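Novice: I'm passing along target_9.cif; it holds mmCIF, C-alpha atoms.
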data_my_file
#
loop_
_atom_site.label_atom_id
_atom_site.label_comp_id
_atom_site.auth_asym_id
_atom_site.auth_seq_id
_atom_site.Cartn_x
_atom_site.Cartn_y
_atom_site.Cartn_z
CA MET K 18 17.99 29.90 -26.08
CA THR K 19 16.79 31.97 -23.15
CA ASN K 20 14.16 29.65 -21.71
CA GLU K 21 15.22 27.18 -19.09
CA LEU K 22 14.06 23.63 -18.63
CA ILE K 23 12.19 24.39 -15.41
CA ASP K 24 9.78 26.80 -17.13
CA PHE K 25 8.53 24.15 -19.51
CA VAL K 26 8.28 21.60 -16.71
CA LEU K 27 6.22 24.02 -14.59
CA VAL K 28 3.79 24.67 -17.46
CA SER K 29 3.51 20.91 -17.90
CA VAL K 30 2.75 20.45 -14.18
CA ALA K 31 0.03 23.11 -14.34
CA LEU K 32 -1.57 21.43 -17.35
CA LEU K 33 -1.39 18.04 -15.62
CA ALA K 34 -3.13 19.43 -12.52
CA ILE K 35 -5.88 21.02 -14.62
CA GLY K 36 -6.40 17.74 -16.45
CA ILE K 37 -6.66 15.79 -13.21
CA TYR K 38 -9.16 18.37 -11.91
CA GLY K 39 -11.28 17.93 -15.04
CA MET K 40 -11.21 14.16 -14.81
CA SER K 41 -12.13 14.06 -11.14
CA VAL K 42 -14.85 16.73 -11.06
CA LYS K 43 -16.69 16.65 -14.38
CA ARG K 44 -19.41 14.08 -14.94
CA ASN K 45 -19.79 14.81 -18.62
CA ALA K 46 -18.07 12.06 -20.63
CA ILE K 47 -16.78 14.39 -23.33
CA ARG K 48 -15.32 16.79 -20.78
CA MET K 49 -13.50 13.89 -19.16
CA LEU K 50 -11.95 13.22 -22.56
CA PHE K 51 -10.78 16.86 -22.58
CA GLY K 52 -9.02 16.18 -19.29
CA ILE K 53 -7.33 13.07 -20.71
CA GLU K 54 -6.12 15.09 -23.70
CA MET K 55 -4.57 17.70 -21.41
CA ILE K 56 -2.72 15.06 -19.38
CA ILE K 57 -1.35 13.41 -22.54
CA ASN K 58 -0.23 16.79 -23.87
CA SER K 59 1.58 17.67 -20.67
CA ALA K 60 3.45 14.37 -20.91
CA ASN K 61 4.42 15.12 -24.51
CA LEU K 62 5.64 18.59 -23.54
CA ASN K 63 7.82 17.04 -20.85
CA LEU K 64 9.28 14.53 -23.31
CA VAL K 65 10.21 17.16 -25.88
CA ALA K 66 11.55 19.59 -23.26
CA PHE K 67 13.86 17.04 -21.68
CA ALA K 68 14.94 15.84 -25.12
CA ARG K 69 15.91 19.41 -26.06
CA PHE K 70 18.04 19.90 -23.00
CA ILE K 71 19.94 16.60 -23.11
CA PRO K 72 20.07 16.98 -26.30
CA ASN K 73 18.86 13.84 -27.91
CA SER K 74 16.55 12.87 -30.74
CA GLN K 75 14.89 9.92 -29.03
CA GLY K 76 12.61 12.07 -26.92
CA GLN K 77 11.08 13.62 -30.01
CA THR K 78 10.64 10.17 -31.56
CA LEU K 79 8.86 8.97 -28.44
CA ALA K 80 6.65 12.09 -28.48
CA LEU K 81 5.65 11.34 -32.07
CA PHE K 82 4.70 7.78 -31.14
CA SER K 83 2.77 9.08 -28.15
CA ILE K 84 0.79 11.55 -30.27
CA ALA K 85 -0.18 8.81 -32.72
CA ILE K 86 -1.30 6.43 -29.96
CA ALA K 87 -3.31 9.25 -28.38
CA ALA K 88 -5.13 9.74 -31.69
CA ALA K 89 -6.12 6.08 -31.69
CA GLU K 90 -7.25 6.31 -28.07
CA VAL K 91 -9.45 9.33 -28.74
CA ALA K 92 -11.09 7.63 -31.72
CA VAL K 93 -12.05 4.61 -29.61
CA GLY K 94 -13.11 6.81 -26.67
CA LEU K 95 -15.45 8.91 -28.80
CA ALA K 96 -16.96 5.77 -30.31
CA LEU K 97 -17.60 4.51 -26.76
CA VAL K 98 -19.26 7.84 -25.90
CA ILE K 99 -21.51 7.56 -28.95
CA VAL K 100 -22.51 3.97 -28.06
CA ALA K 101 -23.25 4.95 -24.46
CA TYR K 102 -25.25 7.96 -25.61
CA ARG K 103 -27.30 5.72 -27.87
CA MET K 104 -27.99 3.27 -25.06
CA TYR K 105 -28.73 5.72 -22.24
CA LYS K 106 -29.72 8.90 -24.15
CA ASN K 107 -27.35 10.79 -21.87
CA ILE K 108 -23.65 11.55 -21.52
CA ASP K 109 -23.64 11.81 -17.74
CA ILE K 110 -21.30 9.08 -16.55
CA GLU K 111 -23.27 8.50 -13.36
CA ASP K 112 -26.03 7.09 -15.55
CA PHE K 113 -23.78 4.45 -17.08
CA ARG K 114 -24.55 1.83 -14.50
CA SER K 115 -24.97 -1.45 -16.31
CA LEU K 116 -21.39 -2.58 -15.60
CA LYS K 117 -21.80 -1.95 -11.89
CA GLY K 118 -23.11 -5.41 -11.05
CA MET D 9 14.66 34.13 -17.71
CA VAL D 10 11.58 33.62 -19.78
CA ASP D 11 10.85 35.73 -22.81
CA ALA D 12 7.57 37.32 -23.87
CA VAL D 13 6.65 34.63 -26.40
CA PHE D 14 6.92 31.95 -23.74
CA LEU D 15 4.82 33.97 -21.34
CA ALA D 16 2.09 34.61 -23.92
CA LEU D 17 2.05 30.95 -24.95
CA SER D 18 1.76 29.72 -21.37
CA VAL D 19 -1.08 32.16 -20.61
CA LEU D 20 -2.86 31.01 -23.78
CA THR D 21 -2.37 27.33 -23.01
CA ILE D 22 -3.32 27.34 -19.33
CA GLY D 23 -6.16 29.86 -19.78
CA SER D 24 -7.82 28.03 -22.61
CA ALA D 25 -7.42 24.73 -20.75
CA ILE D 26 -9.41 26.21 -17.85
CA VAL D 27 -11.95 27.67 -20.27
CA ALA D 28 -12.34 24.31 -22.02
CA LEU D 29 -13.33 22.68 -18.75
CA GLU D 30 -15.44 25.46 -17.29
CA ILE D 31 -17.40 27.09 -20.12
CA ARG D 32 -21.06 26.10 -20.37
CA SER D 33 -21.25 25.12 -24.00
CA LEU D 34 -19.37 22.01 -25.09
CA ILE D 35 -18.83 23.43 -28.57
CA TYR D 36 -16.94 26.45 -27.27
CA GLY D 37 -15.18 24.07 -24.91
CA SER D 38 -13.85 22.00 -27.79
CA ILE D 39 -12.72 25.16 -29.60
CA ALA D 40 -10.85 26.19 -26.43
CA LEU D 41 -9.29 22.72 -26.31
CA MET D 42 -8.12 23.34 -29.89
CA LEU D 43 -6.41 26.53 -28.64
CA THR D 44 -4.70 24.59 -25.86
CA LEU D 45 -3.35 22.05 -28.32
CA SER D 46 -2.12 24.83 -30.62
CA GLY D 47 -0.36 26.41 -27.63
CA ILE D 48 1.42 23.12 -27.00
CA ALA D 49 2.48 23.11 -30.64
CA GLY D 50 3.92 26.61 -30.08
CA PHE D 51 5.93 25.26 -27.13
CA PHE D 52 7.30 22.56 -29.41
CA LEU D 53 8.40 25.29 -31.84
CA LEU D 54 10.12 27.13 -28.98
CA LEU D 55 11.90 23.90 -28.10
CA ASP D 56 13.34 23.66 -31.63
CA ALA D 57 11.23 20.65 -32.55
CA PRO D 58 9.41 21.82 -35.69
CA PHE D 59 8.66 18.30 -36.86
CA VAL D 60 6.81 17.40 -33.66
CA ALA D 61 5.03 20.76 -33.75
CA MET D 62 3.70 20.17 -37.25
CA PHE D 63 2.71 16.63 -36.31
CA GLN D 64 0.87 18.00 -33.29
CA LEU D 65 -0.94 20.57 -35.43
CA SER D 66 -1.98 18.08 -38.09
CA VAL D 67 -2.98 15.25 -35.75
CA TYR D 68 -4.42 17.07 -32.73
CA VAL D 69 -5.79 20.33 -34.11
CA GLY D 70 -6.60 18.88 -37.51
CA SER D 71 -8.17 15.55 -36.72
CA ILE D 72 -8.84 15.01 -33.01
CA ALA D 73 -10.44 18.39 -32.36
CA VAL D 74 -12.65 18.05 -35.43
CA LEU D 75 -13.62 14.52 -34.32
CA ILE D 76 -14.58 15.89 -30.89
CA LEU D 77 -16.59 18.70 -32.50
CA PHE D 78 -18.56 16.25 -34.62
CA THR D 79 -19.25 14.02 -31.62
CA VAL D 80 -20.48 17.04 -29.65
CA MET D 81 -22.83 17.92 -32.48
CA LEU D 82 -24.29 14.39 -32.45
CA VAL D 83 -25.38 14.81 -28.83
CA ARG D 84 -28.76 16.32 -27.95
CA ARG D 85 -28.92 20.08 -27.63
CA GLU D 86 -29.83 20.45 -23.97
CA LEU D 87 -27.07 18.04 -22.96
CA ILE D 88 -24.48 20.27 -24.61
CA PHE D 89 -25.41 23.22 -22.44
CA ASN D 90 -26.22 21.24 -19.33
CA LYS D 91 -23.59 21.44 -16.63
CA ILE D 92 -23.78 18.55 -14.21
CA GLU D 93 -21.57 18.51 -11.18
CA ASP D 94 -21.57 18.44 -7.41
CA LYS D 95 -20.68 21.58 -5.49
CA ARG D 96 -18.72 19.67 -2.87
CA ARG D 97 -16.91 17.51 -5.34
CA ARG D 98 -16.00 20.63 -7.25
CA TYR D 99 -14.41 22.29 -4.23
CA ALA D 100 -12.54 19.08 -3.47
CA GLY D 101 -11.33 18.98 -7.08
CA ILE D 102 -10.09 22.57 -6.96
CA GLY D 103 -8.29 21.76 -3.71
CA LEU D 104 -6.71 18.69 -5.32
CA MET D 105 -5.60 20.75 -8.32
CA LEU D 106 -3.99 23.45 -6.19
CA ALA D 107 -2.35 20.86 -3.96
CA LEU D 108 -0.89 19.07 -6.99
CA MET D 109 0.34 22.32 -8.55
CA LEU D 110 1.93 23.56 -5.32
CA GLY D 111 3.31 20.19 -4.27
CA ILE D 112 4.90 19.06 -7.51
CA GLY D 113 5.88 22.65 -8.34
CA MET D 114 7.67 23.05 -5.01
CA ILE D 115 9.46 19.74 -5.49
CA ILE D 116 10.60 20.76 -8.97
CA ILE D 117 11.68 24.25 -7.91
CA GLY D 118 13.55 22.76 -4.97
CA SER D 119 15.35 20.27 -7.17
CA GLY D 120 18.53 21.09 -9.02
CA MET D 121 16.71 21.59 -12.31
CA LYS D 122 16.80 25.36 -12.02
CA SER D 123 20.27 25.89 -13.36
CA ILE D 124 19.95 23.73 -16.45
CA GLU D 125 20.47 25.66 -19.65
CA THR D 126 21.71 24.57 -22.98
CA ASN D 127 23.71 26.15 -25.74
CA SER D 128 24.09 23.02 -27.76
CA PRO D 129 22.58 22.96 -31.24
CA SER D 130 19.17 21.41 -31.60
CA VAL D 131 18.54 18.01 -33.08
CA ASP D 132 18.09 18.00 -36.84
CA TYR D 133 14.73 16.67 -37.91
CA LYS D 134 16.34 14.67 -40.68
CA LYS D 135 17.83 12.54 -37.91
CA ILE D 136 14.32 11.77 -36.63
CA GLY D 137 13.17 10.61 -40.05
CA GLU D 138 16.27 8.47 -40.37
CA ASP D 139 15.61 6.93 -36.96
CA PHE D 140 12.02 6.21 -37.90
CA LEU D 141 12.98 4.34 -41.03
CA THR D 142 15.94 2.42 -39.66
CA TYR D 143 16.06 1.74 -35.94
CA TYR D 144 12.38 2.28 -35.13
CA SER D 145 10.88 0.70 -38.24
CA PRO D 146 9.37 -2.34 -36.40
CA ALA D 147 7.79 0.05 -33.90
CA LEU D 148 6.47 2.15 -36.79
CA ILE D 149 4.83 -0.92 -38.33
CA VAL D 150 3.28 -1.89 -35.00
CA MET D 151 1.99 1.67 -34.59
CA ALA D 152 0.39 1.56 -38.03
CA LEU D 153 -1.33 -1.71 -37.09
CA ILE D 154 -2.56 -0.18 -33.82
CA LEU D 155 -3.99 2.82 -35.65
CA ALA D 156 -5.73 0.66 -38.24
CA SER D 157 -7.18 -1.68 -35.63
CA SER D 158 -8.38 1.21 -33.50
CA VAL D 159 -10.16 2.80 -36.46
CA VAL D 160 -11.79 -0.54 -37.29
CA GLY D 161 -12.75 -0.93 -33.63
CA ALA D 162 -14.27 2.55 -33.50
CA LEU D 163 -16.28 1.87 -36.65
CA THR D 164 -17.50 -1.45 -35.27
CA LEU D 165 -18.49 0.11 -31.96
CA ALA D 166 -20.37 3.01 -33.51
CA ARG D 167 -22.25 0.91 -36.05
CA ARG D 168 -26.01 0.61 -35.63
CA GLU D 169 -27.49 -2.84 -35.91
CA ASP D 170 -31.08 -1.67 -36.09
CA MET D 171 -30.56 0.22 -39.34
CA THR D 172 -30.03 -2.47 -41.92
CA ASN D 173 -31.47 -0.58 -44.84
CA ASP D 174 -30.55 3.06 -44.66
CA GLN D 175 -30.68 3.98 -48.30
CA ARG D 176 -33.21 6.57 -49.17
CA THR D 177 -35.86 5.52 -51.62
CA ASP D 178 -37.34 8.62 -53.03
#
Using the file provided, produce a representation of the structure as structure tokens.

Specialist:
Amino acid sequence: MTNELIDFVLVSVALLAIGIYGMSVKRNAIRMLFGIEMIINSANLNLVAFARFIPNSQGQTLALFSIAIAAAEVAVGLALVIVAYRMYKNIDIEDFRSLKG
Amino acid sequence: MVDAVFLALSVLTIGSAIVALEIRSLIYGSIALMLTLSGIAGFFLLLDAPFVAMFQLSVYVGSIAVLILFTVMLVRRELIFNKIEDKRRRYAGIGLMLALMLGIGMIIIGSGMKSIETNSPSVDYKKIGEDFLTYYSPALIVMALILASSVVGALTLARREDMTNDQRTD
């Protein structure tokens, strides 16, 4: 195996930073979900990379659980986007103001 | 040292992540997100975790990306191509991204992680299946319940109350 642990961790950091950029700048609800997906994937990459270099099977198990939970989260998030789109006729999150008080 | 496959995979992953956030059309954006997720699956293959890679392909690329594509197609046409963002907030976001990359990257490069290499054999995926069915079986059951309840919750949320009779009578 020629790749070192630090290479995978650096790719994961780059993906995390891009995801945080997407979540903080974009106002489109679906694009914010893209950012969340990238952050979750960078976490999974970290888990599997560290599990390979220990080596240990529990990291891969945890990554599998994490992927499944992320699937559930995306399903609920997209349903929320559809409901908000039906109520406001828009997916700009600055228009979703009825919870603001 | 990194090899060429790793380099190509990282360029694909990072590049398509940026494209997914920056391209005008949301449909092309979700296809680029699909490419990012496939790149992550390739990293899992490089890390000798074929089971996780196949799981990633089937769950993320197979179901989540298709779900996102269908949701994008439900939204009105001009909203798909409309790009709404502040100029100033965008510059601040790019600054935050670069600061995070440089900061955490410097910390990681400065740490002692650089010399870690392994020659030990990879974990057999039969061991993962065994773990799932023996030690982690309560967690597996709880995860199944979470998935089922989230699907029911999504269906309940997206249901329309104003359409009680939606059968066509023609």

Novice: Any chance you could resolve the PyMOL selection byres ((chain K and resi 107) around 12) against this file and give the residues as a PyMOL selection string?

Specialist: (chain K and resi 44-47+98-106+108-114) or (chain D and resi 82-88+90+92)

Novice: Evaluate the PyMOL selection byres ((chain D and resi 135-145) around 9) and record the selected residues as JSON, numbers by chain, following the chain and residue labels used in the document.

Specialist: {"K": [74, 75, 77, 78], "D": [59, 131, 132, 133, 134, 146, 147, 148, 149, 150]}

Novice: Could you list the residues chosen by the PyMOL selection byres ((chain K and resi 38) around 10) in this structure as a list in words?

Specialist: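 Listing what the PyMOL selection byres ((chain K and resi 38) around 10) selects in the shown file: Leu32, Leu33, Ala34, Ile35, Gly36, Ile37, Gly39, Met40, Ser41, Val42, Lys43, Met49 and Gly52 of chain K; Ile26, Leu29, Arg98, Ala100, Gly101, Ile102, Gly103, Leu104, Met105, Leu106 and Leu108 of chain D.
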
Novice: Would you list the residues near (0.7, 4.0, -35.3) (no more than 12 Å away, in the coordinates of the file, using only C-alpha atoms) as a PyMOL selection string?

Specialist: (chain K and resi 79+81-90) or (chain D and resi 67+140+144-159)

Novice: Identify which of the residues D:Ile35, D:Ile48, D:Met42, D:Ala57 lies closest to D:Met81, counting only C-alpha atoms when measuring atom-to-atom distances.

Specialist: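 Closest to D:Met81 of all the choices is D:Ile35.
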
Novice: Any idea what the distance is between atom CA of D:Met109 and atom CA of K:Asn63?

Specialist: 15.3 Å

Novice: Measuring between all atoms listed in the file, which one of D:Lys122, D:Leu20, D:Glu169, D:Val160 shows the shortest distance to chain K?

Specialist: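 Counting all atoms listed in the file, the residue closest to chain K is D:Lys122.
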
Novice: Using all atoms listed in the file, can you list as a ChimeraX atom specification the residues within 8 Å of (0.5, 14.2, -18.1)?

Specialist: /K:29-30,32-33,36,55-61

Novice: Rounded to one decimal, what separation in Å do you get between atom CA of K:Ala92 and atom CA of D:Thr79?

Specialist: 10.4 Å

Novice: Using atom CA of D:Val60 and atom CA of D:Ile117 as the two end points, give the distance in Å to one decimal.

Specialist: 27.1 Å

Novice: Counting all atoms listed in the file, figure out which residue out of D:Ile115, D:Ser18, D:Met62, D:Ser24 gets nearest to chain K.

Specialist: D:Ser18

Novice: Which residue, K:Arg48, K:Val26, K:Glu21, K:Ala80, has the smallest gap to D:Glu93 when you use only C-alpha atoms?

Specialist: K:Arg48

Novice: So, counting all atoms listed in the file, which residue among K:Leu64, K:Ile71, K:Gly76, K:Leu50 is closest to K:Leu95?

Specialist: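 Nearest to K:Leu95: K:Leu50.
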
Novice: When you look at D:Phe14 with a cut-off of 10 Å (counting all atoms listed in the file), what residues show up, excluding the ones that are within fewer than 4 positions of it in the same chain? I need them as a PyMOL selection string.

Specialist: (chain K and resi 19-20+24-25) or (chain D and resi 10+18-20+47+50-51+54)

Novice: Need a file for stretch 75-152 of chain D from that block: C-alpha atoms, written as an mmCIF file, in the first residue's frame.

Specialist:
data_model
loop_
_atom_site.group_PDB
_atom_site.id
_atom_site.type_symbol
_atom_site.label_atom_id
_atom_site.label_comp_id
_atom_site.auth_asym_id
_atom_site.auth_seq_id
_atom_site.Cartn_x
_atom_site.Cartn_y
_atom_site.Cartn_z
ATOM 1 C CA LEU D 75 -34.024 11.060 -4.826
ATOM 2 C CA ILE D 76 -32.325 14.463 -5.123
ATOM 3 C CA LEU D 77 -32.782 14.429 -8.911
ATOM 4 C CA PHE D 78 -36.499 13.755 -8.583
ATOM 5 C CA THR D 79 -36.895 16.504 -5.987
ATOM 6 C CA VAL D 80 -35.080 18.939 -8.285
ATOM 7 C CA MET D 81 -37.437 18.046 -11.094
ATOM 8 C CA LEU D 82 -40.458 18.775 -8.874
ATOM 9 C CA VAL D 83 -39.312 22.367 -8.393
ATOM 10 C CA ARG D 84 -40.314 25.110 -10.828
ATOM 11 C CA ARG D 85 -38.101 25.611 -13.839
ATOM 12 C CA GLU D 86 -36.836 29.127 -13.224
ATOM 13 C CA LEU D 87 -35.911 28.245 -9.644
ATOM 14 C CA ILE D 88 -33.612 25.490 -10.882
ATOM 15 C CA PHE D 89 -31.546 27.920 -12.914
ATOM 16 C CA ASN D 90 -31.829 30.835 -10.537
ATOM 17 C CA LYS D 91 -28.712 31.504 -8.520
ATOM 18 C CA ILE D 92 -29.409 33.468 -5.376
ATOM 19 C CA GLU D 93 -26.561 34.643 -3.233
ATOM 20 C CA ASP D 94 -24.897 37.704 -1.806
ATOM 21 C CA LYS D 95 -21.593 38.875 -3.252
ATOM 22 C CA ARG D 96 -20.191 39.792 0.142
ATOM 23 C CA ARG D 97 -21.344 36.636 1.818
ATOM 24 C CA ARG D 98 -19.791 34.685 -1.006
ATOM 25 C CA TYR D 99 -16.378 36.280 -0.529
ATOM 26 C CA ALA D 100 -16.630 35.684 3.204
ATOM 27 C CA GLY D 101 -17.511 32.039 2.520
ATOM 28 C CA ILE D 102 -14.537 31.564 0.206
ATOM 29 C CA GLY D 103 -12.307 33.128 2.864
ATOM 30 C CA LEU D 104 -13.755 30.777 5.493
ATOM 31 C CA MET D 105 -13.177 27.775 3.218
ATOM 32 C CA LEU D 106 -9.555 28.680 2.530
ATOM 33 C CA ALA D 107 -8.930 29.434 6.203
ATOM 34 C CA LEU D 108 -10.364 26.050 7.207
ATOM 35 C CA MET D 109 -8.350 24.196 4.557
ATOM 36 C CA LEU D 110 -5.089 25.948 5.443
ATOM 37 C CA GLY D 111 -5.635 25.865 9.199
ATOM 38 C CA ILE D 112 -6.694 22.258 9.647
ATOM 39 C CA GLY D 113 -4.325 21.163 6.868
ATOM 40 C CA MET D 114 -1.370 22.840 8.572
ATOM 41 C CA ILE D 115 -2.301 21.276 11.900
ATOM 42 C CA ILE D 116 -2.521 17.833 10.325
ATOM 43 C CA ILE D 117 0.716 18.205 8.358
ATOM 44 C CA GLY D 118 2.449 19.443 11.486
ATOM 45 C CA SER D 119 1.225 16.509 13.530
ATOM 46 C CA GLY D 120 3.006 13.189 13.628
ATOM 47 C CA MET D 121 0.574 11.600 11.193
ATOM 48 C CA LYS D 122 2.955 11.926 8.279
ATOM 49 C CA SER D 123 5.000 8.845 8.930
ATOM 50 C CA ILE D 124 2.122 6.432 9.419
ATOM 51 C CA GLU D 125 2.138 3.613 6.915
ATOM 52 C CA THR D 126 0.829 0.135 7.150
ATOM 53 C CA ASN D 127 1.845 -3.198 5.763
ATOM 54 C CA SER D 128 -0.632 -5.188 7.743
ATOM 55 C CA PRO D 129 -3.271 -7.146 5.836
ATOM 56 C CA SER D 130 -6.639 -5.522 5.425
ATOM 57 C CA VAL D 131 -9.712 -6.494 7.367
ATOM 58 C CA ASP D 132 -11.733 -9.287 5.800
ATOM 59 C CA TYR D 133 -15.259 -8.259 4.973
ATOM 60 C CA LYS D 134 -16.592 -11.527 6.315
ATOM 61 C CA LYS D 135 -15.561 -10.225 9.726
ATOM 62 C CA ILE D 136 -17.798 -7.175 9.230
ATOM 63 C CA GLY D 137 -20.802 -9.335 8.406
ATOM 64 C CA GLU D 138 -20.093 -11.483 11.443
ATOM 65 C CA ASP D 139 -19.884 -8.384 13.634
ATOM 66 C CA PHE D 140 -23.158 -7.091 12.251
ATOM 67 C CA LEU D 141 -25.009 -10.271 13.065
ATOM 68 C CA THR D 142 -23.503 -10.953 16.470
ATOM 69 C CA TYR D 143 -22.128 -8.024 18.436
ATOM 70 C CA TYR D 144 -23.931 -5.213 16.626
ATOM 71 C CA SER D 145 -27.279 -6.928 16.090
ATOM 72 C CA PRO D 146 -29.225 -4.679 18.547
ATOM 73 C CA ALA D 147 -27.769 -1.636 16.800
ATOM 74 C CA LEU D 148 -28.759 -3.131 13.442
ATOM 75 C CA ILE D 149 -32.347 -3.553 14.634
ATOM 76 C CA VAL D 150 -32.444 0.018 15.937
ATOM 77 C CA MET D 151 -31.067 1.245 12.603
ATOM 78 C CA ALA D 152 -33.773 -0.621 10.716
#
